[in-house]
Amino acid sequence: MDLSDLGGVFQGIGTLFMQDPGVAAGRIVLITLGFLLVYLGKKEVLEPLLMIPMGLGMSSVNAGVLLLADGRTGTLFIDPLVKEPSDVINVLQINWLQPVYTFMFSNGLIACLVFMGIGVLLDVGYVMARPFQSMLIALFAELGTFVVFPLALMLDMNPGQAAAVATIGGADGPMVLFVSLILAPDLFVPITVVGYLYLGLAYGAFPYLVRALVPARLRGLPMPPGKQKRITAGSKLAFAVVVCTLLCLLFPVAAPLFFSLFIGVAVREAGIPQFQDLISKVFLYGATFFLGLTLGVLCEAGTLLNPVVLKLLVLGMLALTVSAVGGILGGYVLYFASGRKVNPVVGIAGVSCVPTTAKVAQKVAGHENPAAIVMPAALGANISGVITSAIIAGAFVALLR
């Protein structure tokens with residue numbers, strides 16, 4: 001038995017020598033990156049719920065490349081580029097994650113399920129208690145979206161593609177998935193993968209950015225509680241119903257996402273425990289698991305090694321970084337406008353990666369001063385960030401569809 005025979009038996013290894021050297025090298029890099037994501041997820045440097053299935057999926061799909069019947073190399077996981085109805089029926093019977101991708105990703109269902117779960121976890125009372133402060137920070141934290149959109153146009157992307165990649169600046173994974181699916185279906189896979197990969201990495205990188213931009217004496221600034229408004233569950237339910245209806249009226253094309261978010265809020269505030277458990281546990285964790293797994297499997301070197309993906313990597317990183325800087329800038333604006341009572345660290349929570357960036361704000365502030373409790377204000381900014389990113393995404397889709 002010679003090496004060629006071994007390559008036929010162990011096709012994952014054999015295809016490394018059959019493919020373009022760049023693709024083969026990309027597979028090795030992505031396998032290694034998958035190992036790293038699992039490790040960082042286990043250490044909770046990155047979000048384990050997303051990174052562990054994503055990392056293992058990334059490693060497995062790049063290892064499990066084989067020679068298909070028509071002479072092409074591919075995998076038995078997913079074919080995200082299949083379009084012809086007869087081909088779709090065929091791959092649904094062969095590729096084991098194809099049904100999940102076809103029936104949950106390609107129509108935006110998984111984004112809606114995640115948004116429902118997020119809605120159940122959100123307490124809109126934090127926004128209602130500080131509406132102007134929360135919304136101001138959220139608007140500043142969209143800076144990356146507004147900077148990257150014209151920049152992407154300058155890099156020869158069409159308006160739909162530019163809007164889809166700019167949406168990464170809103171730091172809202174379901175929104176990135178939804179907008180790219182509608183406005184840039186040809187780049188749906190790489191934009192969604194890049195967006196979620198960067199959102200996972202943001203949890204590890206943002207604390208260092210906050211420490212670089214906010215001096216220690218301000219990071220530990222305690223925030224006075226101020227006047228405590230008692231906001232009833234009925235008021236929160238009314239808020240959810242009115243805001244959801246208004247947003248659906250203004251941006252019907254994004255109505256499924258608005259509805260998904262606020263039905264979660266409504267179930268929470270109406271006190272329906274049966275639905276709360278269903279949505280917050282079964283829907284949210286199930287969708288998050290398959291989201292991480294499918295995104296990892298979509299990171300196949302042959303799919304991602306496209307010249308335009310390099311633009312997406314750079315623009316996605318720029319969008320998130322500029323949004324984070326914008327949010328901190330908004331925190332400084334409130335710091336001075338409030339007579340130095342608002343901790344500028346709260347600004348990072350305007351980047352709407354709920355509740356990750358709110359936790360980052362509290363962790364950084366608490367490290368400098370255990371008495372610095374910024375979580376209520378951070379959650380207000382966080383939830384406003386979700387609503388703001390949804391509005392901007394709706395506007396993009398309404399104008400560019």
# chains A, B, ... in the order shown; residues from 1 in each chain; ligands from 1
$ closest_atom_pairs --of "segment 204-226 of chain A" --to "segment 321-329 of chain A" --cutoff "12 Å" --atoms "only C-alpha atoms" --output "tab-separated table"
residue	atom	partner	partner_atom	distance
A:Ala205	CA	A:Thr321	CA	9.6
A:Phe206	CA	A:Ala324	CA	7.7
A:Pro207	CA	A:Ala324	CA	10.5
A:Tyr208	CA	A:Ala324	CA	11.3
A:Leu209	CA	A:Val325	CA	8.2
A:Val210	CA	A:Ile328	CA	7.6
A:Arg211	CA	A:Ile328	CA	10.7
A:Ala212	CA	A:Val325	CA	10.5
A:Leu213	CA	A:Ile328	CA	7.8
A:Val214	CA	A:Ile328	CA	8.2
A:Pro215	CA	A:Ile328	CA	11.9
A:Leu218	CA	A:Ile328	CA	12.0
A:Arg219	CA	A:Ile328	CA	11.3
$ closest_atom_pairs --of "segment 166-185 of chain A" --to "segment 312-317 of chain A" --cutoff "9 Å" --atoms "only C-alpha atoms" --output "JSON lines"
{"residue": "A:Ala166", "atom": "CA", "partner": "A:Gly316", "partner_atom": "CA", "distance": 7.2}
{"residue": "A:Thr167", "atom": "CA", "partner": "A:Gly316", "partner_atom": "CA", "distance": 8.7}
{"residue": "A:Ile168", "atom": "CA", "partner": "A:Gly316", "partner_atom": "CA", "distance": 5.9}
{"residue": "A:Gly169", "atom": "CA", "partner": "A:Gly316", "partner_atom": "CA", "distance": 7.1}
$ write_last_selection --atoms "N, CA and C atoms" --output "PDB file, in the first residue's frame"
ATOM      1  N   ALA A 166     -21.955  46.420   7.437  1.00  0.00           N
ATOM      2  CA  ALA A 166     -21.980  47.525   8.401  1.00  0.00           C
ATOM      3  C   ALA A 166     -22.812  47.166   9.627  1.00  0.00           C
ATOM      4  N   THR A 167     -23.816  46.306   9.439  1.00  0.00           N
ATOM      5  CA  THR A 167     -24.680  45.908  10.550  1.00  0.00           C
ATOM      6  C   THR A 167     -23.906  45.180  11.634  1.00  0.00           C
ATOM      7  N   ILE A 168     -22.739  44.634  11.317  1.00  0.00           N
ATOM      8  CA  ILE A 168     -21.893  44.013  12.348  1.00  0.00           C
ATOM      9  C   ILE A 168     -21.568  45.029  13.442  1.00  0.00           C
ATOM     10  N   GLY A 169     -21.505  46.311  13.081  1.00  0.00           N
ATOM     11  CA  GLY A 169     -21.233  47.355  14.060  1.00  0.00           C
ATOM     12  C   GLY A 169     -22.299  47.466  15.130  1.00  0.00           C
TER      13      GLY A 169
END
$ select_by_dssp --residues "segment 1-228 of chain A" --states "strand (DSSP E or B)" --output "MDAnalysis selection string"
chainID A and resid 66:67 73:74
$ atom_distance --atom1 "atom CA of Leu278 of chain A" --atom2 "atom CA of Val38 of chain A"
27.7 Å
$ residues_around --residues "Val23 of chain A" --least-positions-apart "5" --cutoff "8 Å" --atoms "only C-alpha atoms" --output "list in words"
Ala301, Gly302 and Leu305 of chain A
$ select_by_dssp --residues "segment 159-255 of chain A" --states "helix (DSSP H, G or I)" --output "MDAnalysis selection string"
chainID A and resid 159:170 173:183 185:213 216:219 233:250 252:255
$ closest_residue --among "A:Leu16, A:Val397, A:Ala365, A:Leu121" --to "Arg217 of chain A" --atoms "only C-alpha atoms"
A:Ala365
$ closest_residue --among "A:Ala202, A:Ala390, A:Leu49, A:Met18" --to "Leu247 of chain A" --atoms "only C-alpha atoms"
A:Ala390
$ closest_residue --among "A:Leu400, A:Ile383, A:Gly14, A:Ala395" --to "Cys248 of chain A" --atoms "only C-alpha atoms"
A:Ala395
$ atom_distance --atom1 "atom CA of Val176 of chain A" --atom2 "atom CA of Thr192 of chain A"
6.3 Å
$ residues_around --residues "segment 71-78 of chain A" --least-positions-apart "5" --cutoff "12 Å" --atoms "only C-alpha atoms" --output "count of residues only"
47
$ residues_around --residues "Lys341 of chain A" --least-positions-apart "6" --cutoff "12 Å" --atoms "only C-alpha atoms" --output "PyMOL selection string"
chain A and resi 218-226+331-335+372+374+377
$ write_last_selection --atoms "N, CA and C atoms" --output "compact mmCIF listing (two decimals), in the first residue's frame"
# COMPACT_ATOMS: atom_id res chain seq x y z
N LEU A 218 -11.64 56.93 36.76
CA LEU A 218 -13.01 57.03 36.26
C LEU A 218 -13.67 55.65 36.16
N ARG A 219 -12.88 54.63 35.88
CA ARG A 219 -13.45 53.28 35.77
C ARG A 219 -14.09 52.85 37.08
N GLY A 220 -13.56 53.29 38.21
CA GLY A 220 -14.11 52.91 39.51
C GLY A 220 -15.10 53.90 40.07
N LEU A 221 -15.58 54.83 39.24
CA LEU A 221 -16.51 55.87 39.71
C LEU A 221 -17.85 55.24 40.13
N PRO A 222 -18.23 55.37 41.40
CA PRO A 222 -19.54 54.84 41.81
C PRO A 222 -20.65 55.73 41.27
N MET A 223 -21.75 55.13 40.87
CA MET A 223 -22.88 55.88 40.33
C MET A 223 -23.97 55.98 41.38
N PRO A 224 -24.40 57.20 41.74
CA PRO A 224 -25.49 57.33 42.71
C PRO A 224 -26.77 56.74 42.13
N PRO A 225 -27.57 56.10 42.98
CA PRO A 225 -28.78 55.46 42.46
C PRO A 225 -29.80 56.43 41.89
N GLY A 226 -29.80 57.69 42.40
CA GLY A 226 -30.77 58.66 41.91
C GLY A 226 -32.17 58.31 42.38
N GLY A 331 -20.45 57.51 26.70
CA GLY A 331 -20.31 57.47 28.15
C GLY A 331 -19.63 58.72 28.68
N TYR A 332 -18.62 59.20 27.96
CA TYR A 332 -17.95 60.45 28.37
C TYR A 332 -18.89 61.65 28.26
N VAL A 333 -19.70 61.68 27.20
CA VAL A 333 -20.66 62.78 27.04
C VAL A 333 -21.60 62.83 28.24
N LEU A 334 -22.11 61.68 28.65
CA LEU A 334 -23.00 61.64 29.81
C LEU A 334 -22.26 61.95 31.11
N TYR A 335 -21.00 61.55 31.17
CA TYR A 335 -20.18 61.85 32.36
C TYR A 335 -20.11 63.36 32.60
N ALA A 372 -18.54 50.16 43.00
CA ALA A 372 -19.06 50.80 41.79
C ALA A 372 -20.07 49.87 41.13
N VAL A 374 -22.61 49.62 38.35
CA VAL A 374 -23.05 50.28 37.11
C VAL A 374 -24.01 49.40 36.30
N ALA A 377 -27.55 50.83 34.92
CA ALA A 377 -27.40 51.76 33.80
C ALA A 377 -26.88 51.04 32.56
$ closest_residue --among "A:Ile391, A:Ile118, A:Val148, A:Ala398" --to "Pro355 of chain A" --atoms "only C-alpha atoms"
A:Ile118
$ atom_distance --atom1 "atom CA of Gly234 of chain A" --atom2 "atom CA of Arg130 of chain A"
17.8 Å
$ residues_around --residues "Ala184 of chain A" --least-positions-apart "2" --cutoff "7 Å" --atoms "only C-alpha atoms" --output "list in words"
Gly160, Gln161, Ala164, Ser180, Leu181, Ile182, Asp186, Leu187 and Phe188 of chain A
$ write_last_selection --atoms "N, CA, C and O atoms" --output "PDB file, in the first residue's frame"
ATOM      1  N   GLY A 160     -26.412  46.864  -0.793  1.00  0.00           N
ATOM      2  CA  GLY A 160     -26.909  45.793   0.072  1.00  0.00           C
ATOM      3  C   GLY A 160     -25.792  45.109   0.829  1.00  0.00           C
ATOM      4  O   GLY A 160     -25.906  44.844   2.031  1.00  0.00           O
ATOM      5  N   GLN A 161     -24.701  44.803   0.140  1.00  0.00           N
ATOM      6  CA  GLN A 161     -23.553  44.169   0.790  1.00  0.00           C
ATOM      7  C   GLN A 161     -22.947  45.103   1.835  1.00  0.00           C
ATOM      8  O   GLN A 161     -22.577  44.675   2.936  1.00  0.00           O
ATOM      9  N   ALA A 164     -25.124  45.154   4.903  1.00  0.00           N
ATOM     10  CA  ALA A 164     -25.045  43.899   5.652  1.00  0.00           C
ATOM     11  C   ALA A 164     -23.788  43.842   6.510  1.00  0.00           C
ATOM     12  O   ALA A 164     -23.842  43.477   7.691  1.00  0.00           O
ATOM     13  N   SER A 180     -28.168  40.354   6.214  1.00  0.00           N
ATOM     14  CA  SER A 180     -27.356  39.763   5.148  1.00  0.00           C
ATOM     15  C   SER A 180     -28.173  38.791   4.310  1.00  0.00           C
ATOM     16  O   SER A 180     -27.987  38.692   3.091  1.00  0.00           O
ATOM     17  N   LEU A 181     -29.112  38.086   4.930  1.00  0.00           N
ATOM     18  CA  LEU A 181     -29.965  37.152   4.195  1.00  0.00           C
ATOM     19  C   LEU A 181     -30.815  37.882   3.158  1.00  0.00           C
ATOM     20  O   LEU A 181     -31.002  37.405   2.037  1.00  0.00           O
ATOM     21  N   ILE A 182     -31.299  39.068   3.505  1.00  0.00           N
ATOM     22  CA  ILE A 182     -32.177  39.815   2.607  1.00  0.00           C
ATOM     23  C   ILE A 182     -31.399  40.660   1.608  1.00  0.00           C
ATOM     24  O   ILE A 182     -31.716  40.684   0.411  1.00  0.00           O
ATOM     25  N   ASP A 186     -25.693  36.560  -1.537  1.00  0.00           N
ATOM     26  CA  ASP A 186     -24.474  35.965  -2.094  1.00  0.00           C
ATOM     27  C   ASP A 186     -23.340  35.948  -1.078  1.00  0.00           C
ATOM     28  O   ASP A 186     -22.420  35.134  -1.177  1.00  0.00           O
ATOM     29  N   LEU A 187     -23.386  36.850  -0.101  1.00  0.00           N
ATOM     30  CA  LEU A 187     -22.353  36.916   0.939  1.00  0.00           C
ATOM     31  C   LEU A 187     -22.912  36.535   2.309  1.00  0.00           C
ATOM     32  O   LEU A 187     -22.276  36.791   3.334  1.00  0.00           O
ATOM     33  N   PHE A 188     -24.090  35.920   2.305  1.00  0.00           N
ATOM     34  CA  PHE A 188     -24.753  35.596   3.562  1.00  0.00           C
ATOM     35  C   PHE A 188     -23.872  34.747   4.473  1.00  0.00           C
ATOM     36  O   PHE A 188     -23.729  35.035   5.665  1.00  0.00           O
TER      37      PHE A 188
END
$ closest_residue --among "A:Ala254, A:Ile348, A:Leu318, A:Ala381" --to "Ala152 of chain A" --atoms "only C-alpha atoms"
A:Leu318
$ closest_residue --among "A:Gly119, A:Ala69, A:Cys353, A:Phe275" --to "Gly385 of chain A" --atoms "only C-alpha atoms"
A:Cys353
$ residues_around --residues "Gly380 of chain A" --least-positions-apart "2" --cutoff "10 Å" --atoms "only C-alpha atoms" --output "MDAnalysis selection string"
chainID A and resid 122:135 137:138 346 349:350 358 375:378 382:385
